[in-house]
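K.L.:
Input structure: model05.txt, which contains compact mmCIF, C-alpha atoms and all ligand atoms.
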# COMPACT_ATOMS: atom_id res chain seq x y z
CA MET A 316 140.16 53.47 155.44
CA THR A 317 143.25 55.45 154.51
CA VAL A 318 144.29 58.52 152.59
CA VAL A 319 147.51 60.32 151.66
CA PRO A 320 146.81 63.71 153.27
CA GLY A 321 147.19 66.61 150.89
CA GLN A 322 146.54 64.40 147.84
CA LYS A 323 143.03 64.37 146.47
CA GLY A 324 141.78 61.03 145.14
CA THR A 325 143.96 58.84 147.37
CA ALA A 326 141.26 57.73 149.84
CA GLY A 327 140.65 53.98 149.81
CA VAL A 328 140.47 50.77 151.80
CA GLU A 329 143.69 48.81 152.27
CA GLU A 330 145.21 46.13 154.49
CA VAL A 331 147.22 47.54 157.37
CA PRO A 332 149.00 45.71 160.21
CA ASP A 333 146.97 45.02 163.34
CA PRO A 334 147.39 47.76 165.94
CA ASP A 335 150.32 47.14 168.27
CA ALA A 336 149.50 46.14 171.86
CA GLN A 337 152.14 48.65 172.98
CA ASP A 338 150.13 51.51 171.43
CA ALA A 339 147.21 51.24 173.85
CA ALA A 340 145.71 48.72 176.23
CA LEU A 341 142.16 48.33 174.91
CA LEU A 342 141.66 46.32 171.73
CA VAL A 343 138.40 47.22 170.06
CA ARG A 344 136.36 45.80 167.17
CA GLY A 345 135.25 48.70 165.00
CA MET A 346 131.45 48.64 164.62
CA ALA A 347 130.56 51.94 163.00
CA LEU A 348 132.15 55.20 161.99
CA GLY A 349 130.52 58.53 161.28
CA LEU A 350 131.79 60.63 158.38
CA CYS A 351 131.65 64.42 158.49
CA GLY A 352 132.79 67.49 156.58
CA THR A 353 136.29 67.16 158.06
CA ASP A 354 136.65 63.66 156.55
CA HIS A 355 135.45 65.06 153.25
CA GLU A 356 138.07 67.81 153.39
CA ILE A 357 140.77 65.26 154.21
CA ALA A 358 139.67 63.10 151.26
CA GLU A 359 139.76 66.20 149.04
CA GLY A 360 143.39 66.82 150.05
CA ALA A 361 142.55 70.05 151.89
CA TYR A 362 143.22 69.00 155.50
CA GLY A 363 144.91 66.29 157.59
CA THR A 364 148.47 65.25 158.49
CA PRO A 365 149.87 61.70 158.56
CA PRO A 366 151.78 60.36 161.58
CA SER A 367 155.44 61.34 161.54
CA GLY A 368 157.45 59.27 159.05
CA GLU A 369 154.36 57.77 157.36
CA GLU A 370 152.69 58.57 154.08
CA ARG A 371 149.15 57.42 154.72
CA LEU A 372 146.74 58.31 157.49
CA ILE A 373 144.01 55.95 158.72
CA ILE A 374 141.05 58.29 158.88
CA GLY A 375 137.90 58.16 160.99
CA HIS A 376 137.30 60.12 164.19
CA GLU A 377 133.59 59.47 164.90
CA SER A 378 134.04 55.97 166.26
CA LEU A 379 132.08 53.19 167.90
CA GLY A 380 133.40 49.76 168.81
CA GLU A 381 133.13 46.74 171.07
CA VAL A 382 135.96 46.00 173.50
CA LEU A 383 137.70 42.70 172.69
CA GLU A 384 140.57 42.87 175.18
CA ALA A 385 140.86 44.97 178.32
CA PRO A 386 143.43 44.57 181.07
CA ALA A 387 142.14 44.00 184.60
CA GLY A 388 141.71 47.29 186.44
CA SER A 389 141.25 49.30 183.23
CA GLY A 390 137.60 49.94 184.03
CA PHE A 391 136.53 48.17 180.82
CA ALA A 392 135.63 44.56 180.01
CA PRO A 393 135.18 42.59 176.79
CA GLY A 394 131.76 43.29 175.29
CA ASP A 395 131.62 46.93 176.46
CA LEU A 396 130.74 49.51 173.80
CA VAL A 397 133.19 52.40 173.63
CA VAL A 398 133.98 55.50 171.64
CA GLY A 399 137.53 56.81 171.29
CA ILE A 400 138.30 60.41 172.19
CA VAL A 401 139.77 62.34 169.24
CA ARG A 402 142.35 64.77 170.68
CA ARG A 403 145.60 63.90 172.50
CA PRO A 404 147.77 66.40 174.39
CA ASP A 405 150.82 67.88 172.70
CA PRO A 406 154.02 65.91 173.41
CA VAL A 407 155.59 68.69 175.49
CA PRO A 408 152.39 69.65 177.21
CA CYS A 409 151.34 73.28 177.14
CA PRO A 410 149.68 74.55 180.36
CA ALA A 411 146.20 73.66 179.07
CA CYS A 412 147.17 70.11 178.01
CA ALA A 413 149.13 69.59 181.23
CA GLY A 414 145.97 70.48 183.15
CA GLY A 415 143.93 67.90 181.21
CA GLU A 416 142.18 70.46 178.97
CA TRP A 417 143.72 69.33 175.69
CA ASP A 418 140.71 70.65 173.76
CA MET A 419 142.01 74.12 174.75
CA CYS A 420 145.61 73.34 173.62
CA ARG A 421 147.77 76.46 173.36
CA THR A 422 150.04 75.07 170.62
CA ASP A 423 149.36 73.47 167.27
CA SER A 424 151.22 70.29 168.13
CA PHE A 425 148.36 68.26 169.65
CA GLY A 426 147.32 65.07 167.86
CA GLU A 427 143.83 64.23 166.63
CA ARG A 428 143.05 60.63 165.77
CA GLY A 429 142.14 60.30 162.13
CA ILE A 430 142.84 63.98 161.46
CA VAL A 431 146.28 65.22 162.50
CA ARG A 432 149.40 63.18 163.30
CA LEU A 433 147.59 60.12 164.71
CA HIS A 434 145.88 57.22 162.97
CA GLY A 435 142.14 57.20 163.35
CA TYR A 436 139.49 54.63 164.10
CA GLY A 437 138.58 53.65 160.52
CA SER A 438 139.73 50.05 160.76
CA GLU A 439 138.29 46.64 161.68
CA ARG A 440 140.38 46.60 164.88
CA TRP A 441 141.70 49.61 166.72
CA ARG A 442 143.31 50.34 170.03
CA VAL A 443 142.68 53.11 172.52
CA GLU A 444 144.06 54.02 175.95
CA PRO A 445 141.46 53.47 178.72
CA ASP A 446 141.78 57.17 179.69
CA PHE A 447 140.73 58.14 176.17
CA ALA A 448 137.83 55.69 175.85
CA VAL A 449 134.28 56.73 176.72
CA PRO A 450 131.80 54.03 177.77
CA ILE A 451 128.51 54.07 175.90
CA PRO A 452 125.43 53.96 178.15
CA SER A 453 123.66 50.63 177.81
CA GLY A 454 120.63 50.96 175.61
CA LEU A 455 122.22 53.41 173.16
CA GLY A 456 123.82 50.62 171.10
CA GLU A 457 124.94 51.70 167.66
CA LEU A 458 123.59 55.22 168.26
CA GLY A 459 126.80 55.67 170.27
CA VAL A 460 128.41 56.54 166.95
CA LEU A 461 126.78 59.98 167.38
CA LEU A 462 128.82 60.66 170.53
CA GLU A 463 131.74 62.46 168.88
CA PRO A 464 129.64 65.07 167.05
CA ALA A 465 127.49 65.42 170.18
CA SER A 466 130.62 66.10 172.26
CA VAL A 467 131.55 69.05 170.04
CA LEU A 468 128.11 70.62 170.60
CA ALA A 469 128.15 69.76 174.29
CA LYS A 470 131.32 71.87 174.51
CA ALA A 471 129.70 74.70 172.54
CA TRP A 472 126.71 74.79 174.90
CA ASP A 473 128.88 74.34 177.99
CA GLN A 474 130.79 77.45 176.96
CA VAL A 475 127.57 79.37 176.31
CA ASP A 476 126.38 78.42 179.81
CA ARG A 477 129.63 79.59 181.38
CA ILE A 478 129.78 82.85 179.42
CA SER A 479 126.13 83.55 180.26
CA GLN A 480 127.10 83.82 183.91
CA ARG A 481 129.11 87.03 183.34
CA ALA A 482 126.04 89.28 183.89
CA PHE A 483 122.25 89.39 183.50
CA PHE A 484 121.25 86.85 180.87
CA LEU A 485 117.87 85.71 179.59
CA ARG A 486 117.77 81.98 178.81
CA GLY A 487 115.00 82.50 176.31
CA ARG A 488 115.43 81.76 172.63
CA ALA A 489 118.28 80.32 170.60
CA LEU A 490 118.91 80.08 166.86
CA VAL A 491 120.93 77.41 165.09
CA THR A 492 122.12 78.01 161.54
CA GLY A 493 121.98 75.08 159.12
CA ALA A 494 120.06 71.84 159.72
CA GLY A 495 122.66 69.14 159.08
CA PRO A 496 123.64 66.65 161.81
CA ILE A 497 125.80 69.15 163.73
CA SER A 498 123.00 71.74 163.70
CA LEU A 499 120.41 69.16 164.70
CA MET A 500 122.60 68.08 167.60
CA ALA A 501 122.95 71.76 168.61
CA CYS A 502 119.15 72.03 168.50
CA LEU A 503 118.65 68.88 170.60
CA LEU A 504 121.01 70.17 173.30
CA GLY A 505 119.27 73.58 173.29
CA VAL A 506 115.86 71.93 173.71
CA GLN A 507 117.24 69.84 176.58
CA ARG A 508 118.34 73.11 178.25
CA GLY A 509 114.87 74.56 177.96
CA TYR A 510 115.49 77.13 175.23
CA GLU A 511 112.83 77.96 172.64
CA MET A 512 114.79 76.68 169.67
CA HIS A 513 114.78 78.04 166.10
CA VAL A 514 116.67 76.50 163.18
CA VAL A 515 117.25 78.15 159.81
CA ASP A 516 118.24 76.30 156.64
CA LEU A 517 117.63 76.63 152.91
CA ALA A 518 115.65 73.38 152.38
CA LEU A 519 111.92 74.04 152.22
CA ALA A 520 110.85 70.56 153.33
CA GLY A 521 112.28 67.11 153.95
CA PRO A 522 113.98 65.17 156.74
CA LYS A 523 115.85 68.18 158.16
CA ARG A 524 112.63 70.11 158.68
CA ASP A 525 110.88 67.03 160.10
CA LEU A 526 113.70 66.35 162.58
CA VAL A 527 113.66 69.97 163.81
CA GLU A 528 109.87 69.94 164.23
CA ASP A 529 109.98 66.55 165.97
CA LEU A 530 112.05 68.25 168.69
CA GLY A 531 109.32 70.85 169.14
CA ALA A 532 111.62 73.50 167.63
CA ARG A 533 110.68 76.07 164.95
CA TYR A 534 112.08 75.52 161.46
CA HIS A 535 112.62 78.49 159.12
CA ALA A 536 113.47 78.08 155.43
CA GLY A 537 115.39 81.03 154.04
CA ASP A 538 117.48 83.84 155.50
CA ALA A 539 118.11 84.03 159.26
CA VAL A 540 117.36 87.73 159.27
CA ASP A 541 113.73 86.92 158.35
CA ILE A 542 112.90 84.55 161.23
CA GLY A 543 110.77 87.23 162.90
CA VAL A 544 112.20 86.96 166.44
CA ASP A 545 115.38 88.02 168.22
CA VAL A 546 117.42 85.42 170.08
CA ASP A 547 119.70 85.25 173.13
CA VAL A 548 122.03 82.64 171.67
CA VAL A 549 123.16 81.84 168.13
CA ILE A 550 124.99 78.58 167.38
CA GLU A 551 126.50 79.03 163.91
CA CYS A 552 127.10 75.66 162.25
CA THR A 553 127.48 76.44 158.55
CA GLY A 554 130.86 78.17 158.32
CA LEU A 555 129.32 80.58 155.80
CA GLY A 556 129.99 84.28 156.36
CA ALA A 557 126.71 85.48 154.89
CA VAL A 558 124.69 83.08 157.05
CA GLY A 559 126.60 84.08 160.18
CA ARG A 560 126.08 87.79 159.48
CA SER A 561 122.34 87.33 158.97
CA ALA A 562 122.03 85.33 162.17
CA ALA A 563 124.04 87.94 164.10
CA ARG A 564 121.43 90.52 163.13
CA ARG A 565 118.89 88.57 165.20
CA LEU A 566 121.12 88.47 168.29
CA ALA A 567 119.62 90.43 171.22
CA SER A 568 121.65 92.87 173.30
CA GLY A 569 123.70 90.89 175.80
CA GLY A 570 123.47 87.87 173.51
CA ILE A 571 126.07 85.17 172.89
CA MET A 572 127.05 83.90 169.47
CA CYS A 573 129.06 80.71 169.14
CA LEU A 574 130.92 79.77 165.95
CA THR A 575 131.34 76.04 165.30
CA GLY A 576 131.53 76.07 161.48
CA ILE A 577 134.89 76.79 159.82
CA MET A 578 134.99 79.28 156.96
CA ASN A 579 137.08 78.58 153.86
CA LEU A 580 140.08 80.84 153.26
CA SER A 581 139.26 81.10 149.58
CA PRO A 582 137.96 82.57 147.33
CA ALA A 583 138.15 85.80 149.32
CA LEU A 584 138.51 86.76 152.97
CA ASP A 585 135.19 87.79 154.38
CA VAL A 586 135.53 90.36 157.15
CA ASP A 587 133.23 93.13 158.32
CA ALA A 588 135.10 94.39 161.37
CA THR A 589 133.15 97.65 161.73
CA THR A 590 129.72 96.04 162.10
CA LEU A 591 131.21 93.40 164.35
CA ASN A 592 132.78 96.05 166.57
CA ARG A 593 129.66 98.24 166.82
CA ASN A 594 127.42 95.33 167.77
CA MET A 595 129.76 93.72 170.22
CA VAL A 596 130.69 96.93 172.02
CA LEU A 597 127.44 98.89 171.94
CA ARG A 598 125.25 95.85 172.66
CA ASN A 599 127.39 93.87 175.13
CA GLN A 600 127.55 90.90 172.81
CA VAL A 601 129.96 87.99 172.91
CA LEU A 602 131.22 86.19 169.82
CA PHE A 603 133.34 83.13 170.41
CA GLY A 604 134.67 80.11 168.55
CA THR A 605 134.93 76.54 169.77
CA VAL A 606 136.57 73.36 168.49
CA ASN A 607 136.89 69.79 169.70
CA ALA A 608 135.73 68.65 173.17
CA GLY A 609 137.22 67.96 176.59
CA ARG A 610 136.58 64.91 178.73
CA ARG A 611 133.63 66.48 180.58
CA HIS A 612 131.94 67.30 177.26
CA TRP A 613 132.14 63.67 176.14
CA GLU A 614 130.43 62.72 179.39
CA GLN A 615 127.82 65.46 179.01
CA ALA A 616 127.20 64.27 175.43
CA ALA A 617 126.74 60.65 176.55
CA GLN A 618 124.16 61.88 179.05
CA ALA A 619 122.41 63.98 176.39
CA LEU A 620 122.18 61.05 173.96
CA ALA A 621 120.97 58.71 176.69
CA THR A 622 118.03 61.01 177.46
CA ALA A 623 117.13 61.71 173.80
CA ASP A 624 114.48 59.81 171.87
CA PRO A 625 116.32 56.90 170.16
CA SER A 626 114.07 57.00 167.09
CA TRP A 627 114.89 60.71 166.66
CA LEU A 628 118.61 59.95 166.94
CA ARG A 629 118.24 57.16 164.36
CA GLY A 630 116.93 59.77 161.92
CA LEU A 631 120.35 61.45 161.92
CA ILE A 632 121.93 58.39 160.30
CA THR A 633 121.14 58.92 156.65
CA ARG A 634 122.88 55.96 155.02
CA ARG A 635 125.20 53.06 155.78
CA VAL A 636 128.00 51.74 153.63
CA PRO A 637 130.22 48.74 154.34
CA LEU A 638 133.94 49.35 154.87
CA THR A 639 134.70 47.31 151.78
CA SER A 640 132.90 49.61 149.31
C1 LIG B 701 136.28 67.14 164.84
C2 LIG B 701 137.03 67.73 166.01
C3 LIG B 701 138.33 68.34 165.54
C4 LIG B 701 138.07 69.32 164.40
C5 LIG B 701 139.32 69.99 163.87
C6 LIG B 701 136.14 68.14 163.72
O1 LIG B 701 135.53 67.52 162.63
O2 LIG B 701 134.99 66.74 165.24
O3 LIG B 701 137.28 66.72 166.96
O4 LIG B 701 138.96 69.01 166.61
O5 LIG B 701 137.41 68.64 163.34
O6 LIG B 701 140.29 69.09 163.41
Here is the file; what I need is its structure written in the form of structure tokens.
Ligand code: BGC

P.N.:
Amino acid sequence: MTVVPGQKGTAGVEEVPDPDAQDAALLVRGMALGLCGTDHEIAEGAYGTPPSGEERLIIGHESLGEVLEAPAGSGFAPGDLVVGIVRRPDPVPCPACAGGEWDMCRTDSFGERGIVRLHGYGSERWRVEPDFAVPIPSGLGELGVLLEPASVLAKAWDQVDRISQRAFFLRGRALVTGAGPISLMACLLGVQRGYEMHVVDLALAGPKRDLVEDLGARYHAGDAVDIGVDVDVVIECTGLGAVGRSAARRLASGGIMCLTGIMNLSPALDVDATTLNRNMVLRNQVLFGTVNAGRRHWEQAAQALATADPSWLRGLITRRVPLTS
């Protein structure tokens, strides 16, 4: 599954050489691949970078595959299910990458498989280094394809947990904006932490509402400002300024707001620095952004998926298409 980054309409399926054994030790049979907004942006020509010296990029960063070949001592064996980690450290490692926290890279020269500078996992066979492969707990099976998005939310919540230790904090209620897969994953992880979870989206009814309610969380259709309760945590997953501002108005004093959605630069910059300043300073609030996930978040995510209800997780997979279509 390839695309010429920067050129809309170039996404398609083509024959590419088998991955080179020198690239990475594990040879994997691709089983499933999740597609998200980032893939859509790459296909639209708005994001993505091919590997140096190449025109096309193999896309796909939400992987799942079965190990075909694994060297002795790699910790993996043929038949194991694995997911490939997305980010790789920058070539001249910055202090964060050198310390193994490549998700906190200080430069823009990291690689991301299927997104920037490195081919992704959208092929029948792919390779991955054992250090960048995550084993899928037995029993999860094809639901392991949800691990990558789950890792991004595991990082978001991990950061909330760490920030919450700065002073008195009430682990009471949390609000998630939007009810797509990323939001639903944020809600699942909040429920697992014991928060009273609220989710706001525009849809009045349908699978999103059902999935939220199946978690025992409260679903609100409409504007976040109207949910009727204040919250200690907001996880913003829409990347829409108006939605984020409404949700911020429900954030309690001392609350933590996490941004996971990315706002578009066009049509106009959307900034309200005065309101932001008055709330954050006068009400001890924290606003932070998070992207990608470090090794420990992949492991936390695997744990979170293993303890979730498999039939609920299956509900997140809305349709399947073969690679050939
Ligand atoms: C991926 C992350 C990546 C981010 C920015 C997201 O869709 O899940 O792994 O860091 O895009 O490229």

K.L.:
Would you kindly identify which residues have an atom no farther than 10 Å from (127.9, 65.7, 178.2), using all atoms listed in the file and the file's own coordinates, and write them out as a PyMOL selection string?

P.N.:
chain A and resi 462+465-470+472-473+504+608-621

K.L.:
I need the residues from that last selection saved to file as an mmCIF file, in the coordinates of the input (with C-alpha atoms), if you can.

P.N.:
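Okay, again22.cif is ready:
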data_model
loop_
_atom_site.group_PDB
_atom_site.id
_atom_site.type_symbol
_atom_site.label_atom_id
_atom_site.label_comp_id
_atom_site.auth_asym_id
_atom_site.auth_seq_id
_atom_site.Cartn_x
_atom_site.Cartn_y
_atom_site.Cartn_z
ATOM 1 C CA LEU A 462 128.820 60.660 170.530
ATOM 2 C CA ALA A 465 127.490 65.420 170.180
ATOM 3 C CA SER A 466 130.620 66.100 172.260
ATOM 4 C CA VAL A 467 131.550 69.050 170.040
ATOM 5 C CA LEU A 468 128.110 70.620 170.600
ATOM 6 C CA ALA A 469 128.150 69.760 174.290
ATOM 7 C CA LYS A 470 131.320 71.870 174.510
ATOM 8 C CA TRP A 472 126.710 74.790 174.900
ATOM 9 C CA ASP A 473 128.880 74.340 177.990
ATOM 10 C CA LEU A 504 121.010 70.170 173.300
ATOM 11 C CA ALA A 608 135.730 68.650 173.170
ATOM 12 C CA GLY A 609 137.220 67.960 176.590
ATOM 13 C CA ARG A 610 136.580 64.910 178.730
ATOM 14 C CA ARG A 611 133.630 66.480 180.580
ATOM 15 C CA HIS A 612 131.940 67.300 177.260
ATOM 16 C CA TRP A 613 132.140 63.670 176.140
ATOM 17 C CA GLU A 614 130.430 62.720 179.390
ATOM 18 C CA GLN A 615 127.820 65.460 179.010
ATOM 19 C CA ALA A 616 127.200 64.270 175.430
ATOM 20 C CA ALA A 617 126.740 60.650 176.550
ATOM 21 C CA GLN A 618 124.160 61.880 179.050
ATOM 22 C CA ALA A 619 122.410 63.980 176.390
ATOM 23 C CA LEU A 620 122.180 61.050 173.960
ATOM 24 C CA ALA A 621 120.970 58.710 176.690
#

K.L.:
Please find the residues contacting ligand LIG 701 (chain B) at a distance of at most 8 Å between atoms, with all atoms listed in the file counted, and report them as a PyMOL selection string.

P.N.:
chain A and resi 351-354+363+376-377+401-402+418+427+430-431+463-464+467+606-608

K.L.:
By how many Å are atom CA of A:Tyr510 and atom CA of A:Gly487 apart?

P.N.:
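Interatomic distance here is 5.5 Å.
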
K.L.:
Skip stretch 434-444 of chain A itself and residues of its chain fewer than 6 positions away, then list as a list in words all residues within 8 Å of it, counting all atoms listed in the file.

P.N.:
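So the residues in contact are Met316, Thr317, Asp333, Pro334, Asp335, Ala336, Asp338, Ala339, Ala340, Leu341, Leu342, Val343, Arg344, Gly345, Met346, Leu348, Pro365, Pro366, Leu372, Ile373, Ile374, Gly375, His376, Glu377, Ser378, Gly399, Glu427 and Arg428 of chain A.
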
K.L.:
Okay, now the selection with C-alpha atoms, as an mmCIF file, keeping the file's coordinate frame?

P.N.:
data_model
loop_
_atom_site.group_PDB
_atom_site.id
_atom_site.type_symbol
_atom_site.label_atom_id
_atom_site.label_comp_id
_atom_site.auth_asym_id
_atom_site.auth_seq_id
_atom_site.Cartn_x
_atom_site.Cartn_y
_atom_site.Cartn_z
ATOM 1 C CA MET A 316 140.160 53.470 155.440
ATOM 2 C CA THR A 317 143.250 55.450 154.510
ATOM 3 C CA ASP A 333 146.970 45.020 163.340
ATOM 4 C CA PRO A 334 147.390 47.760 165.940
ATOM 5 C CA ASP A 335 150.320 47.140 168.270
ATOM 6 C CA ALA A 336 149.500 46.140 171.860
ATOM 7 C CA ASP A 338 150.130 51.510 171.430
ATOM 8 C CA ALA A 339 147.210 51.240 173.850
ATOM 9 C CA ALA A 340 145.710 48.720 176.230
ATOM 10 C CA LEU A 341 142.160 48.330 174.910
ATOM 11 C CA LEU A 342 141.660 46.320 171.730
ATOM 12 C CA VAL A 343 138.400 47.220 170.060
ATOM 13 C CA ARG A 344 136.360 45.800 167.170
ATOM 14 C CA GLY A 345 135.250 48.700 165.000
ATOM 15 C CA MET A 346 131.450 48.640 164.620
ATOM 16 C CA LEU A 348 132.150 55.200 161.990
ATOM 17 C CA PRO A 365 149.870 61.700 158.560
ATOM 18 C CA PRO A 366 151.780 60.360 161.580
ATOM 19 C CA LEU A 372 146.740 58.310 157.490
ATOM 20 C CA ILE A 373 144.010 55.950 158.720
ATOM 21 C CA ILE A 374 141.050 58.290 158.880
ATOM 22 C CA GLY A 375 137.900 58.160 160.990
ATOM 23 C CA HIS A 376 137.300 60.120 164.190
ATOM 24 C CA GLU A 377 133.590 59.470 164.900
ATOM 25 C CA SER A 378 134.040 55.970 166.260
ATOM 26 C CA GLY A 399 137.530 56.810 171.290
ATOM 27 C CA GLU A 427 143.830 64.230 166.630
ATOM 28 C CA ARG A 428 143.050 60.630 165.770
#

K.L.:
Quick one: distance from atom CA of A:Val382 to atom CA of A:Leu461 in Å, one decimal?

P.N.:
17.8 Å

K.L.:
Which residues come within 9 Å of A:Ala358, counting only C-alpha atoms, excluding same-chain residues fewer than 5 positions away, as a PyMOL selection string?

P.N.:
chain A and resi 318-326+353+363

K.L.:
Okay, now the selection with C-alpha atoms, as a short mmCIF file (atom, residue, chain, number, x, y, z; two decimals), in the coordinates of the input?

P.N.:
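And here's selection13.cif as it stands now:
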data_model
loop_
_atom_site.label_atom_id
_atom_site.label_comp_id
_atom_site.auth_asym_id
_atom_site.auth_seq_id
_atom_site.Cartn_x
_atom_site.Cartn_y
_atom_site.Cartn_z
CA VAL A 318 144.29 58.52 152.59
CA VAL A 319 147.51 60.32 151.66
CA PRO A 320 146.81 63.71 153.27
CA GLY A 321 147.19 66.61 150.89
CA GLN A 322 146.54 64.40 147.84
CA LYS A 323 143.03 64.37 146.47
CA GLY A 324 141.78 61.03 145.14
CA THR A 325 143.96 58.84 147.37
CA ALA A 326 141.26 57.73 149.84
CA THR A 353 136.29 67.16 158.06
CA GLY A 363 144.91 66.29 157.59
#

K.L.:
Measuring between only C-alpha atoms, which one of A:Gly521, A:Gly509, A:Gly556, A:Gly454 shows the shortest distance to A:Leu485?

P.N.:
A:Gly509

K.L.:
Which residues are near A:Leu396? Cut-off 6 Å, only C-alpha atoms, ignore same chain within fewer than 4 positions. Put them as a list in words.

P.N.:
Gly380, Glu381 and Ile451 of chain A

K.L.:
For atom CA of A:His535 and atom CA of A:Thr575, determine how far apart the two atoms are, in Å to one decimal place.

P.N.:
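We find that atom CA of A:His535 and atom CA of A:Thr575 lie 19.9 Å from each other.
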
K.L.:
Between A:Ala448, A:Ile542, A:Cys420, A:Leu383, single out the one closest to A:Ser561, counting all atoms listed in the file.

P.N.:
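Residue with the minimum atom-to-atom distance to A:Ser561: A:Ile542.
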
K.L.:
Looking at only C-alpha atoms, which of A:Arg371, A:Pro450, A:Val328, A:Cys409 is the one that sits closest to A:Asp395?

P.N.:
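For A:Asp395, the nearest of the candidates is A:Pro450.
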
K.L.:
Rank A:Met578, A:Ala623, A:Val546, A:Val636 by their smallest atom-to-atom distance to A:Gln600, using only C-alpha atoms, and report the top residue only.

P.N.:
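Residue with the minimum atom-to-atom distance to A:Gln600: A:Val546.
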
K.L.:
From the options A:Arg432, A:Arg481, A:Arg508, A:Lys523, which residue's atoms come nearest to A:Ile632, counting all atoms listed in the file?

P.N.:
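Among the listed residues, A:Lys523 lies closest to A:Ile632.
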